Structure formats: C-alpha cells, structure tokens
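K.L.:
Dropping in input-v5.cif, which is mmCIF, C-alpha atoms and all ligand atoms:
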data_entry
loop_
_atom_site.label_atom_id
_atom_site.label_comp_id
_atom_site.auth_asym_id
_atom_site.auth_seq_id
_atom_site.Cartn_x
_atom_site.Cartn_y
_atom_site.Cartn_z
CA MET A 664 55.14 29.48 -69.55
CA ARG A 665 55.57 30.94 -66.03
CA HIS A 666 52.15 32.42 -66.45
CA ALA A 667 50.64 29.03 -67.30
CA PHE A 668 52.41 27.35 -64.34
CA GLY A 669 51.03 30.04 -62.03
CA LEU A 670 47.51 29.37 -63.29
CA ILE A 671 47.85 25.62 -62.69
CA LEU A 672 49.22 26.23 -59.19
CA ALA A 673 46.39 28.64 -58.39
CA SER A 674 43.79 26.13 -59.63
CA PHE A 675 45.36 23.36 -57.50
CA VAL A 676 45.33 25.55 -54.38
CA ALA A 677 41.70 26.54 -55.01
CA ALA A 678 40.68 22.87 -55.50
CA VAL A 679 42.38 21.86 -52.23
CA ALA A 680 40.66 24.73 -50.40
CA ILE A 681 37.18 23.79 -51.78
CA ALA A 682 37.72 20.13 -50.88
CA GLY A 683 38.79 21.14 -47.36
CA VAL A 684 35.68 23.27 -46.79
CA TRP A 685 33.44 20.48 -48.12
CA TYR A 686 35.14 17.96 -45.84
CA LEU A 687 34.63 20.10 -42.75
CA THR A 688 31.02 21.10 -43.41
CA ALA A 689 29.07 18.90 -45.76
CA SER A 690 30.74 15.51 -45.90
CA PRO A 691 29.25 12.48 -44.19
CA HIS A 692 32.27 12.60 -41.92
CA ALA A 693 31.29 16.11 -40.75
CA SER A 694 27.66 15.21 -40.05
CA GLN A 695 28.76 12.04 -38.30
CA ALA A 696 31.16 14.05 -36.17
CA ALA A 697 28.44 16.57 -35.39
CA SER A 698 25.97 13.89 -34.37
CA GLN A 699 28.63 12.18 -32.27
CA ALA A 700 29.32 15.48 -30.55
CA ALA A 701 25.60 15.96 -29.92
CA ALA A 702 25.29 12.44 -28.55
CA GLN A 703 28.23 12.99 -26.26
CA ALA A 704 26.76 16.28 -25.06
CA ALA A 705 23.48 14.54 -24.36
CA ALA A 706 25.24 11.71 -22.55
CA ALA A 707 27.20 14.20 -20.48
CA LYS A 708 23.96 15.83 -19.32
CA PRO A 709 22.77 14.07 -16.16
CA PRO A 710 19.34 12.43 -16.55
CA GLU A 711 16.41 14.25 -14.99
CA PRO A 712 15.56 12.76 -11.62
CA PRO A 713 12.18 11.04 -11.54
CA ALA A 714 9.52 13.45 -10.25
CA PRO A 715 7.81 12.43 -7.02
CA ALA A 716 4.31 11.05 -7.56
CA GLY A 717 1.79 13.77 -8.15
CA THR A 718 4.22 16.55 -9.03
CA LYS A 719 4.97 15.64 -12.63
CA LEU A 720 1.61 16.78 -13.93
CA ALA A 721 1.66 20.08 -12.11
CA GLY A 722 5.17 20.90 -13.24
CA ARG A 723 4.41 20.16 -16.87
CA ASP A 724 1.17 22.10 -16.72
CA ASP A 725 2.86 25.11 -15.26
CA VAL A 726 5.38 25.26 -18.06
CA GLU A 727 2.71 24.70 -20.64
CA VAL A 728 0.33 27.35 -19.36
CA THR A 729 2.86 30.10 -18.73
CA ALA A 730 4.22 29.53 -22.22
CA ALA A 731 0.75 29.34 -23.75
CA LEU A 732 1.34 31.71 -26.62
CA PRO A 733 -0.29 29.59 -29.34
CA ALA A 734 -3.87 30.53 -30.13
CA LYS A 735 -5.08 27.13 -29.02
CA PRO A 736 -3.20 25.95 -25.93
CA ALA A 737 -3.24 22.23 -25.43
CA ALA A 738 -5.69 21.05 -22.80
CA PRO A 739 -3.99 19.68 -19.71
CA PRO A 740 -4.33 15.93 -19.34
CA ALA A 741 -6.86 14.69 -16.83
CA PRO A 742 -5.28 14.42 -13.40
CA ALA A 743 -4.36 10.86 -12.57
CA ALA A 744 -6.64 10.34 -9.62
CA GLN A 745 -5.04 7.87 -7.24
CA PRO A 746 -7.36 7.57 -4.28
CA PRO A 747 -5.86 5.94 -1.21
CA ALA A 748 -6.42 2.23 -0.66
CA CYS A 749 -9.78 1.36 0.86
CA ALA A 750 -9.81 1.68 4.64
CA ASN A 751 -13.08 -0.23 5.00
CA PRO A 752 -12.51 -4.01 4.82
CA ASN A 753 -16.26 -4.65 4.38
CA ALA A 754 -16.74 -2.02 1.72
CA LEU A 755 -19.02 -2.47 -1.27
CA GLY A 756 -16.05 -1.52 -3.46
CA VAL A 757 -15.82 -1.84 -7.24
CA SER A 758 -16.02 -5.36 -8.66
CA ARG A 759 -15.22 -4.45 -12.24
CA VAL A 760 -14.05 -1.44 -14.24
CA VAL A 761 -15.18 -1.25 -17.85
CA GLU A 762 -13.76 1.03 -20.51
CA VAL A 763 -16.18 2.31 -23.13
CA ASP A 764 -15.17 3.00 -26.72
CA THR A 765 -17.60 5.83 -27.43
CA SER A 766 -17.00 5.86 -31.21
CA GLY A 767 -20.30 6.45 -33.00
CA GLY A 768 -22.16 7.32 -29.78
CA PRO A 769 -23.32 4.04 -28.23
CA GLY A 770 -26.37 4.17 -25.95
CA PHE A 771 -26.65 2.52 -22.52
CA GLY A 772 -29.57 1.87 -20.20
CA PHE A 773 -32.36 -0.45 -21.25
CA GLU A 774 -35.11 2.12 -20.75
CA ASN A 775 -34.04 3.49 -24.13
CA PHE A 776 -31.07 1.56 -25.52
CA LYS A 777 -30.97 -2.21 -25.75
CA GLN A 778 -27.97 -2.84 -28.01
CA PHE A 779 -25.22 -3.24 -25.44
CA ASP A 780 -26.10 -5.66 -22.68
CA PHE A 781 -22.74 -5.58 -20.91
CA LEU A 782 -23.80 -6.07 -17.30
CA THR A 783 -24.02 -9.58 -15.87
CA ASP A 784 -26.42 -10.69 -13.14
CA LYS A 785 -26.21 -8.59 -9.95
CA GLU A 786 -24.03 -5.94 -11.58
CA VAL A 787 -24.95 -2.32 -11.01
CA VAL A 788 -23.72 1.06 -12.29
CA LEU A 789 -24.32 4.08 -10.06
CA THR A 790 -25.04 7.38 -11.83
CA PHE A 791 -25.74 10.84 -10.42
CA ASP A 792 -27.20 13.83 -12.28
CA ASP A 793 -27.69 17.58 -11.90
CA GLY A 794 -24.77 18.48 -9.62
CA PRO A 795 -22.47 19.81 -8.48
CA TRP A 796 -24.35 21.24 -5.53
CA PRO A 797 -23.18 22.30 -2.05
CA ALA A 798 -23.78 19.87 0.81
CA ASN A 799 -25.56 17.24 -1.30
CA THR A 800 -22.76 16.42 -3.74
CA PRO A 801 -20.11 16.31 -0.98
CA ALA A 802 -22.42 14.04 1.05
CA VAL A 803 -22.78 11.70 -1.93
CA LEU A 804 -19.01 11.70 -2.40
CA LYS A 805 -18.52 10.87 1.27
CA ALA A 806 -20.98 7.95 1.15
CA LEU A 807 -19.30 6.56 -1.98
CA ASP A 808 -15.86 7.03 -0.45
CA GLU A 809 -16.82 5.20 2.74
CA GLU A 810 -17.80 2.21 0.61
CA CYS A 811 -14.75 2.64 -1.66
CA THR A 812 -17.00 2.60 -4.67
CA LYS A 813 -17.23 4.64 -7.88
CA ALA A 814 -19.95 6.25 -9.96
CA VAL A 815 -20.59 8.25 -13.12
CA PHE A 816 -21.65 11.89 -12.69
CA PHE A 817 -23.62 13.94 -15.20
CA PRO A 818 -23.32 17.55 -13.99
CA ILE A 819 -25.22 20.53 -15.37
CA GLY A 820 -22.95 23.07 -17.05
CA LYS A 821 -24.39 26.07 -15.19
CA HIS A 822 -24.02 24.31 -11.84
CA ALA A 823 -20.42 23.52 -12.71
CA THR A 824 -19.74 27.23 -13.19
CA TYR A 825 -21.33 27.99 -9.80
CA HIS A 826 -19.39 25.31 -7.91
CA PRO A 827 -16.31 24.24 -9.87
CA GLU A 828 -14.47 23.34 -6.67
CA ILE A 829 -17.08 20.67 -5.88
CA LEU A 830 -16.88 19.19 -9.36
CA LYS A 831 -13.11 19.03 -9.06
CA GLN A 832 -13.61 16.93 -5.90
CA VAL A 833 -15.77 14.50 -7.88
CA LEU A 834 -13.01 13.94 -10.44
CA ALA A 835 -10.28 13.86 -7.79
CA ALA A 836 -12.16 11.06 -5.99
CA GLY A 837 -11.77 8.93 -9.12
CA HIS A 838 -15.32 9.10 -10.45
CA THR A 839 -16.21 9.47 -14.12
CA VAL A 840 -17.52 12.90 -15.12
CA GLY A 841 -19.64 13.38 -18.25
CA ALA A 842 -22.19 16.13 -18.98
CA HIS A 843 -25.93 16.84 -18.82
CA THR A 844 -26.39 20.02 -20.97
CA TRP A 845 -25.71 23.64 -20.10
CA SER A 846 -29.04 24.60 -18.51
CA HIS A 847 -30.98 21.33 -18.18
CA ALA A 848 -33.23 22.29 -21.08
CA ASN A 849 -35.51 19.65 -22.54
CA LEU A 850 -33.72 18.96 -25.83
CA ASN A 851 -36.86 17.34 -27.21
CA GLY A 852 -39.07 20.33 -26.40
CA LYS A 853 -41.35 21.76 -29.08
CA LYS A 854 -39.54 25.11 -29.23
CA MET A 855 -36.05 23.59 -29.21
CA THR A 856 -34.30 23.99 -32.56
CA GLU A 857 -31.62 21.58 -33.72
CA GLN A 858 -28.95 24.25 -33.28
CA GLN A 859 -30.16 25.22 -29.81
CA ALA A 860 -29.95 21.58 -28.76
CA ILE A 861 -26.39 21.34 -30.08
CA ASP A 862 -25.51 24.56 -28.23
CA GLU A 863 -26.89 23.07 -25.00
CA VAL A 864 -24.74 19.97 -25.46
CA GLU A 865 -21.51 21.73 -26.42
CA LYS A 866 -21.78 24.59 -23.95
CA GLY A 867 -22.47 22.04 -21.22
CA PHE A 868 -19.31 20.10 -22.05
CA SER A 869 -17.26 23.32 -22.26
CA ALA A 870 -18.53 24.39 -18.82
CA ILE A 871 -17.61 21.00 -17.33
CA LYS A 872 -14.16 21.17 -18.85
CA MET A 873 -13.66 24.69 -17.53
CA ALA A 874 -14.71 23.64 -14.02
CA LEU A 875 -12.59 20.49 -14.01
CA GLY A 876 -9.54 21.99 -15.64
CA ALA A 877 -9.51 18.76 -17.65
CA ASP A 878 -11.40 17.21 -20.53
CA PRO A 879 -14.60 15.42 -19.47
CA ALA A 880 -15.55 11.88 -20.44
CA PRO A 881 -17.55 11.72 -23.69
CA PHE A 882 -20.60 10.55 -21.69
CA PHE A 883 -23.89 12.43 -21.94
CA ARG A 884 -27.35 12.12 -20.41
CA PHE A 885 -30.40 13.91 -21.85
CA PRO A 886 -32.40 15.92 -19.27
CA GLN A 887 -35.56 14.02 -18.36
CA LEU A 888 -34.31 11.26 -20.68
CA GLN A 889 -35.87 13.20 -23.57
CA HIS A 890 -33.95 11.83 -26.50
CA ASN A 891 -34.20 14.20 -29.43
CA PRO A 892 -33.38 12.03 -32.51
CA SER A 893 -31.38 14.76 -34.26
CA THR A 894 -29.30 15.36 -31.11
CA VAL A 895 -28.77 11.61 -30.72
CA ALA A 896 -27.43 11.61 -34.29
CA TYR A 897 -25.24 14.64 -33.55
CA LEU A 898 -23.76 12.97 -30.45
CA GLY A 899 -22.91 10.02 -32.68
CA THR A 900 -20.83 12.31 -34.91
CA ARG A 901 -19.07 13.63 -31.79
CA ASN A 902 -18.41 10.08 -30.53
CA VAL A 903 -20.27 10.72 -27.28
CA ALA A 904 -21.95 7.81 -25.47
CA ILE A 905 -25.55 8.38 -24.37
CA PHE A 906 -26.75 7.21 -20.97
CA SER A 907 -30.33 6.38 -20.23
CA CYS A 908 -30.92 4.04 -17.26
CA ASP A 909 -32.43 0.74 -16.17
CA VAL A 910 -33.58 1.81 -12.71
CA ASP A 911 -34.96 5.33 -12.19
CA SER A 912 -34.95 6.26 -8.50
CA PHE A 913 -37.49 9.07 -9.08
CA ASP A 914 -35.63 10.88 -6.32
CA PHE A 915 -36.62 14.26 -7.76
CA ARG A 916 -40.27 13.80 -6.87
CA ARG A 917 -41.66 16.08 -4.21
CA ASP A 918 -43.00 13.24 -2.11
CA ASN A 919 -39.67 11.43 -2.07
CA ASN A 920 -37.87 10.57 1.14
CA PRO A 921 -34.79 8.42 1.82
CA GLU A 922 -36.74 5.32 2.85
CA LYS A 923 -39.06 5.53 -0.14
CA GLU A 924 -36.10 6.06 -2.49
CA ILE A 925 -34.28 2.99 -1.20
CA ASN A 926 -37.40 0.87 -1.60
CA THR A 927 -38.04 2.20 -5.13
CA VAL A 928 -34.50 1.38 -6.23
CA MET A 929 -34.27 -2.03 -4.54
CA THR A 930 -37.72 -3.19 -5.73
CA LYS A 931 -36.91 -2.36 -9.37
CA LEU A 932 -33.40 -3.73 -9.13
CA ASP A 933 -34.49 -7.00 -7.55
CA LYS A 934 -36.94 -7.41 -10.42
CA LEU A 935 -34.35 -6.70 -13.14
CA GLY A 936 -31.38 -8.31 -11.39
CA LYS A 937 -28.93 -5.68 -12.68
CA GLY A 938 -28.75 -2.26 -14.26
CA ILE A 939 -27.74 1.37 -14.41
CA ILE A 940 -29.32 3.30 -11.52
CA LEU A 941 -30.26 6.94 -12.06
CA MET A 942 -30.05 9.21 -9.02
CA HIS A 943 -29.34 12.91 -8.43
CA ASP A 944 -26.47 14.18 -6.29
CA PHE A 945 -28.38 17.48 -6.48
CA GLN A 946 -31.13 15.99 -4.30
CA LYS A 947 -30.93 16.14 -0.51
CA HIS A 948 -32.87 12.90 -0.03
CA THR A 949 -30.44 11.01 -2.24
CA ALA A 950 -27.52 12.33 -0.21
CA GLU A 951 -29.31 11.14 2.92
CA ALA A 952 -30.39 7.80 1.48
CA LEU A 953 -27.10 6.79 -0.12
CA PRO A 954 -25.22 5.28 2.89
CA ALA A 955 -28.14 2.93 3.63
CA LEU A 956 -28.77 2.23 -0.06
CA LEU A 957 -25.16 1.15 -0.57
CA GLN A 958 -25.51 -1.16 2.45
CA ARG A 959 -28.66 -2.65 0.96
CA LEU A 960 -26.90 -3.22 -2.37
CA LYS A 961 -24.09 -5.03 -0.61
CA ALA A 962 -26.47 -7.11 1.53
CA GLY A 963 -28.38 -8.01 -1.65
CA GLY A 964 -25.23 -9.37 -3.30
CA TYR A 965 -25.01 -6.58 -5.87
CA LYS A 966 -21.66 -5.59 -7.29
CA ILE A 967 -20.63 -2.18 -8.57
CA VAL A 968 -19.25 -1.74 -12.07
CA GLN A 969 -17.39 1.47 -12.79
CA MET A 970 -17.70 2.84 -16.32
CA LYS A 971 -14.80 4.81 -17.75
CA ALA A 972 -14.26 6.22 -21.23
CA LYS A 973 -11.46 5.09 -23.52
CA THR A 974 -10.81 8.70 -24.54
CA THR A 975 -11.79 12.14 -23.28
CA LEU A 976 -14.01 14.60 -25.13
CA GLN A 977 -12.33 17.42 -27.02
CA THR A 978 -14.56 20.44 -26.43
CA LEU A 979 -15.11 22.85 -29.33
CA PRO A 980 -12.89 25.98 -29.11
CA ASP A 981 -15.70 28.32 -30.16
CA TYR A 982 -17.87 27.23 -27.25
CA ASP A 983 -14.93 27.39 -24.83
CA ALA A 984 -14.15 30.94 -25.97
CA ALA A 985 -17.79 32.07 -25.86
CA LEU A 986 -18.17 30.72 -22.33
CA THR A 987 -14.95 32.34 -21.15
CA LYS A 988 -16.24 35.64 -22.50
CA GLU A 989 -19.69 35.15 -21.00
CA LEU A 990 -18.27 34.38 -17.57
CA LYS A 991 -15.77 37.26 -17.88
CA LEU A 992 -12.85 35.00 -17.07
CA PRO A 993 -9.29 35.83 -18.08
CA PRO A 994 -8.67 33.46 -21.02
CA THR A 995 -5.17 32.67 -19.78
CA LEU A 996 -6.49 31.26 -16.51
CA SER A 997 -9.58 29.37 -17.59
CA GLY A 998 -9.20 25.64 -17.54
CA ARG A 999 -6.05 25.78 -15.45
CA PRO A 1000 -6.01 23.07 -12.76
CA VAL A 1001 -5.55 24.17 -9.15
CA SER A 1002 -2.43 22.01 -8.90
CA SER A 1003 -0.78 24.01 -11.65
CA VAL A 1004 -1.36 27.27 -9.75
CA VAL A 1005 -0.94 26.33 -6.07
CA GLN A 1006 1.48 23.62 -4.94
CA THR A 1007 2.19 22.32 -1.44
CA VAL A 1008 5.94 22.68 -1.04
CA SER A 1009 6.18 21.84 2.65
CA LYS A 1010 3.91 20.38 5.25
ZN ZN B 1101 -31.26 16.05 -14.82
#
The structure given in the file should be rewritten as structure tokens.
Ligand SMILES: [Zn+2]
P.N.:
Amino acid sequence: MRHAFGLILASFVAAVAIAGVWYLTASPHASQAASQAAAQAAAAKPPEPPAPAGTKLAGRDDVEVTAALPAKPAAPPAPAAQPPACANPNALGVSRVVEVDTSGGPGFGFENFKQFDFLTDKEVVLTFDDGPWPANTPAVLKALDEECTKAVFFPIGKHATYHPEILKQVLAAGHTVGAHTWSHANLNGKKMTEQQAIDEVEKGFSAIKMALGADPAPFFRFPQLQHNPSTVAYLGTRNVAIFSCDVDSFDFRRDNNPEKEINTVMTKLDKLGKGIILMHDFQKHTAEALPALLQRLKAGGYKIVQMKAKTTLQTLPDYDAALTKELKLPPTLSGRPVSSVVQTVSK
C-alpha cells in the first residue's frame, strides 16, 4: 500500500515538473513573453540617426564590401547623382525625362527602328559614343553642365578600362551610361561569329560596370550602327534596349570641323523636326562644337529629353571574372566605388 502511494506521489511530482518545463519553454505564453521581451529590447535601442545626404550609400557599401565573403558579392547600387541646381537661368536644360522599360530589347532611332515614336515635335535626345577619353569627354561634360542638360553615353569597354575616372564623372554628372562593345568591333562583320559578338557585348558591359563601380543602364549601341540580327535577338533576351539614331553628326569624318558639324546636325534636325542625335565625346571637334551647338538648339526652340532606364543591367559573372583576371585586378577591389574607399571627413 505504502509502495503504491509512493508511486502515485512520484507520478504526480513528475507530471507537475513536465508541465512546468512545458509552460516555461514551449507554451504560447512563453513565446509571447519572449517576443514581448524582444520587442522591448528593440524599443529600448535608440533609433539610428538619419545619415547625412550622400553618406548612406558609402557607409552601406563599405560594410558590404569588407564583409564580401559570398562568392558573388552584391553589386553596389548606382550612386544617386544629385547635381546641384542649375546656375544658368538661360540654360537649355532638360524639358522631359523618360524612363525606358527595356524588356525584350526595344530599338530607338528611326534610321533603323521605327516602332517607338516617343519624341514630340522639337524634342531631341543627345547621345555620345566611343568615350571616355581625356580632354574631349571632360569638355563635353563641361558644355552639357553649363547648359544644365543631360545625355546618354555609349562608352567603349576598353576605353573605360583606360580612363575609369572619366567615366565615373559622366555618371556622377547625372547622365545615362550604356555600352558600345568591348573593342568597337563591327558585330556584323563577315568574320564575326555569333559567340564573338556576344562576347563583345557582355565584356563591354562588364568593363563599364567595373569602371563605374555600378551597374550600367541596359542601353546598347552597335558600332557603326551595324546591326547583326542574331545579336539584336540576343540583346532582346538580355532585355537591353538598342539605340540607333535619327541624326548622325558624322563627326568622325576626317574633314569634319566644329562649324561643319553644327551645320550637319542643324540641317538634318530642322528637316526632321526632332530626333536622337549621334555624336562622339571621343572626338575633339565635337567637344569644341558642343557649346555653340547647344546654343543653336536652344535658339531653334529645341528641347532636350533625357532617357533613363527603368532597371540597370546585371552583368554576367563569368565575364566580370574573366575581365578582372585579364586586367590583373584584385577581385576584392574591382567594382568598388571611390566613395566606399575614400571619404571626406572634414573640409
Ligand atoms: Zn562608335
């Protein structure tokens, strides 16, 4: 009898103990208490002070890059270019900003693509190819800046690796930066294979990204406007918009000079009434002609439309890695924006 009573007592004690442990650890009460404690701890933590303008990006980048242990570190977001307000009250300016959804690879410029007639009368898009190049690209940037206006740039990948600091200035000034192949090869040439053409496209974009320290716009222009049909189809699968033009300045011709260039552009433009103008920031004469050309556009009642992309282009990791290896760059530093490495802390 005593034995049986002892067993019952032991069972009762064990049951109470099990119930107690369950209550403290697994019951809804316990999880509620834990979440309340977490909420209180979070509430007790003072909120982070808002970062001053311009420092948030750098701070986040720094943390991200130094902790970049994953095989594929996330690309830093494009710097939010905030150029100062226009100092020139009579500037040409920007009358309209358009955002392009590049899904499927739409084509622009009526010399080759007539599907998307988005410009209205007297509207103009300025585009510059083949940079970045010392002296000429900075002169083009200065002329655009003095008129507080914006353009689309199609740099050559190789040139971007020679002068990344100049290409960074283009992006920092608020312009749109696409790509124009790695080596300016004719993608429609007889000896060009389909794969070689793809390599030219992808390596070009990877080089631009590396120079910018940010993803480029999914905007592409074929060298010499030589549209290889298979590459056009490929760009469609990559959701990259293709830019031809409406007005070719022919500024690359040997007999070009600033006066001739201005007349070529204005004569064609006056005839068409609007359009995408193709110029080269690589060309000295364009750099020299641009201040007067912008004045002529303004005097003629033309308005500048800035084209931006809805999304940026994700470069292909294999091409990024191959380029890093080819250029003998430390992989941990490639693509890192200047602002994430060097910060002004006092002035
Ligand atoms: Zn070109």
K.L.:
When the cut-off is 10 Å and you count all atoms listed in the file, which residues lie near ligand ZN 1101 (chain B), shown as a PyMOL selection string?
P.N.:
chain A and resi 791-794+817-819+842-844+846-849+884-888+915+941-945
K.L.:
For A:Ile905, work out the shell of residues within 7 Å, counting only C-alpha atoms and skipping chain neighbours fewer than 6 positions away, then give it as a list in words.
P.N.:
Gly768, Pro769, Gly770, Phe771, Phe882, Phe883 and Arg884 of chain A
K.L.:
Which residue is closest to A:Phe906? Choose from A:Gly837, A:Gly876, A:Gly772, A:Pro827 and count only C-alpha atoms.
P.N.:
A:Gly772
K.L.:
If we count only C-alpha atoms, what is near stretch 798-811 of chain A at a cut-off of 9 Å, once residues fewer than 5 positions away on the same chain are taken out, given as JSON, numbers by chain?
P.N.:
{"A": [748, 749, 750, 751, 753, 754, 755, 756, 757, 829, 830, 832, 833, 836, 943, 944, 945, 946, 947, 948, 949, 950, 951, 953, 954, 957, 958]}
K.L.:
So how many Å separate atom CA of A:Glu989 and atom CA of A:Val1004, to one decimal?
P.N.:
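Between atom CA of A:Glu989 and atom CA of A:Val1004 the gap is 22.9 Å.
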K.L.:
To one decimal place, how far is atom CA of A:Glu863 from atom CA of A:Leu875 in Å?
P.N.:
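The value is 18.2 Å.
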K.L.:
Atom CA of A:Lys813 and atom CA of A:Phe913 are how many Å apart?
P.N.:
20.8 Å
K.L.:
Tell me which of A:Glu922, A:Thr987, A:Gly867, A:Tyr982 sits closest to A:Arg959, counting only C-alpha atoms.
P.N.:
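Looking at the shortest contact to A:Arg959, the residue is A:Glu922.
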K.L.:
Pick from A:Leu932, A:Leu834, A:Val910, A:Ala860: nearest to A:Asp784, with all atoms listed in the file counted?
P.N.:
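For A:Asp784, the nearest of the candidates is A:Leu932.
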K.L.:
For stretch 969-975 of chain A, work out the shell of residues within 12 Å, counting only C-alpha atoms and skipping chain neighbours fewer than 5 positions away, then give it as a CSV table (one decimal) with C-alpha atoms, keeping the file's coordinate frame.
P.N.:
chain,number,residue,atom,x,y,z
A,738,ALA,CA,-5.7,21.0,-22.8
A,739,PRO,CA,-4.0,19.7,-19.7
A,740,PRO,CA,-4.3,15.9,-19.3
A,741,ALA,CA,-6.9,14.7,-16.8
A,756,GLY,CA,-16.0,-1.5,-3.5
A,757,VAL,CA,-15.8,-1.8,-7.2
A,758,SER,CA,-16.0,-5.4,-8.7
A,759,ARG,CA,-15.2,-4.4,-12.2
A,760,VAL,CA,-14.0,-1.4,-14.2
A,761,VAL,CA,-15.2,-1.2,-17.8
A,762,GLU,CA,-13.8,1.0,-20.5
A,763,VAL,CA,-16.2,2.3,-23.1
A,764,ASP,CA,-15.2,3.0,-26.7
A,765,THR,CA,-17.6,5.8,-27.4
A,766,SER,CA,-17.0,5.9,-31.2
A,768,GLY,CA,-22.2,7.3,-29.8
A,769,PRO,CA,-23.3,4.0,-28.2
A,771,PHE,CA,-26.6,2.5,-22.5
A,781,PHE,CA,-22.7,-5.6,-20.9
A,782,LEU,CA,-23.8,-6.1,-17.3
A,786,GLU,CA,-24.0,-5.9,-11.6
A,787,VAL,CA,-25.0,-2.3,-11.0
A,788,VAL,CA,-23.7,1.1,-12.3
A,789,LEU,CA,-24.3,4.1,-10.1
A,790,THR,CA,-25.0,7.4,-11.8
A,811,CYS,CA,-14.8,2.6,-1.7
A,812,THR,CA,-17.0,2.6,-4.7
A,813,LYS,CA,-17.2,4.6,-7.9
A,814,ALA,CA,-20.0,6.2,-10.0
A,815,VAL,CA,-20.6,8.2,-13.1
A,816,PHE,CA,-21.6,11.9,-12.7
A,834,LEU,CA,-13.0,13.9,-10.4
A,837,GLY,CA,-11.8,8.9,-9.1
A,838,HIS,CA,-15.3,9.1,-10.4
A,839,THR,CA,-16.2,9.5,-14.1
A,840,VAL,CA,-17.5,12.9,-15.1
A,841,GLY,CA,-19.6,13.4,-18.2
A,842,ALA,CA,-22.2,16.1,-19.0
A,868,PHE,CA,-19.3,20.1,-22.0
A,872,LYS,CA,-14.2,21.2,-18.8
A,877,ALA,CA,-9.5,18.8,-17.6
A,878,ASP,CA,-11.4,17.2,-20.5
A,879,PRO,CA,-14.6,15.4,-19.5
A,880,ALA,CA,-15.6,11.9,-20.4
A,881,PRO,CA,-17.6,11.7,-23.7
A,882,PHE,CA,-20.6,10.6,-21.7
A,883,PHE,CA,-23.9,12.4,-21.9
A,901,ARG,CA,-19.1,13.6,-31.8
A,902,ASN,CA,-18.4,10.1,-30.5
A,903,VAL,CA,-20.3,10.7,-27.3
A,904,ALA,CA,-22.0,7.8,-25.5
A,905,ILE,CA,-25.6,8.4,-24.4
A,906,PHE,CA,-26.8,7.2,-21.0
A,939,ILE,CA,-27.7,1.4,-14.4
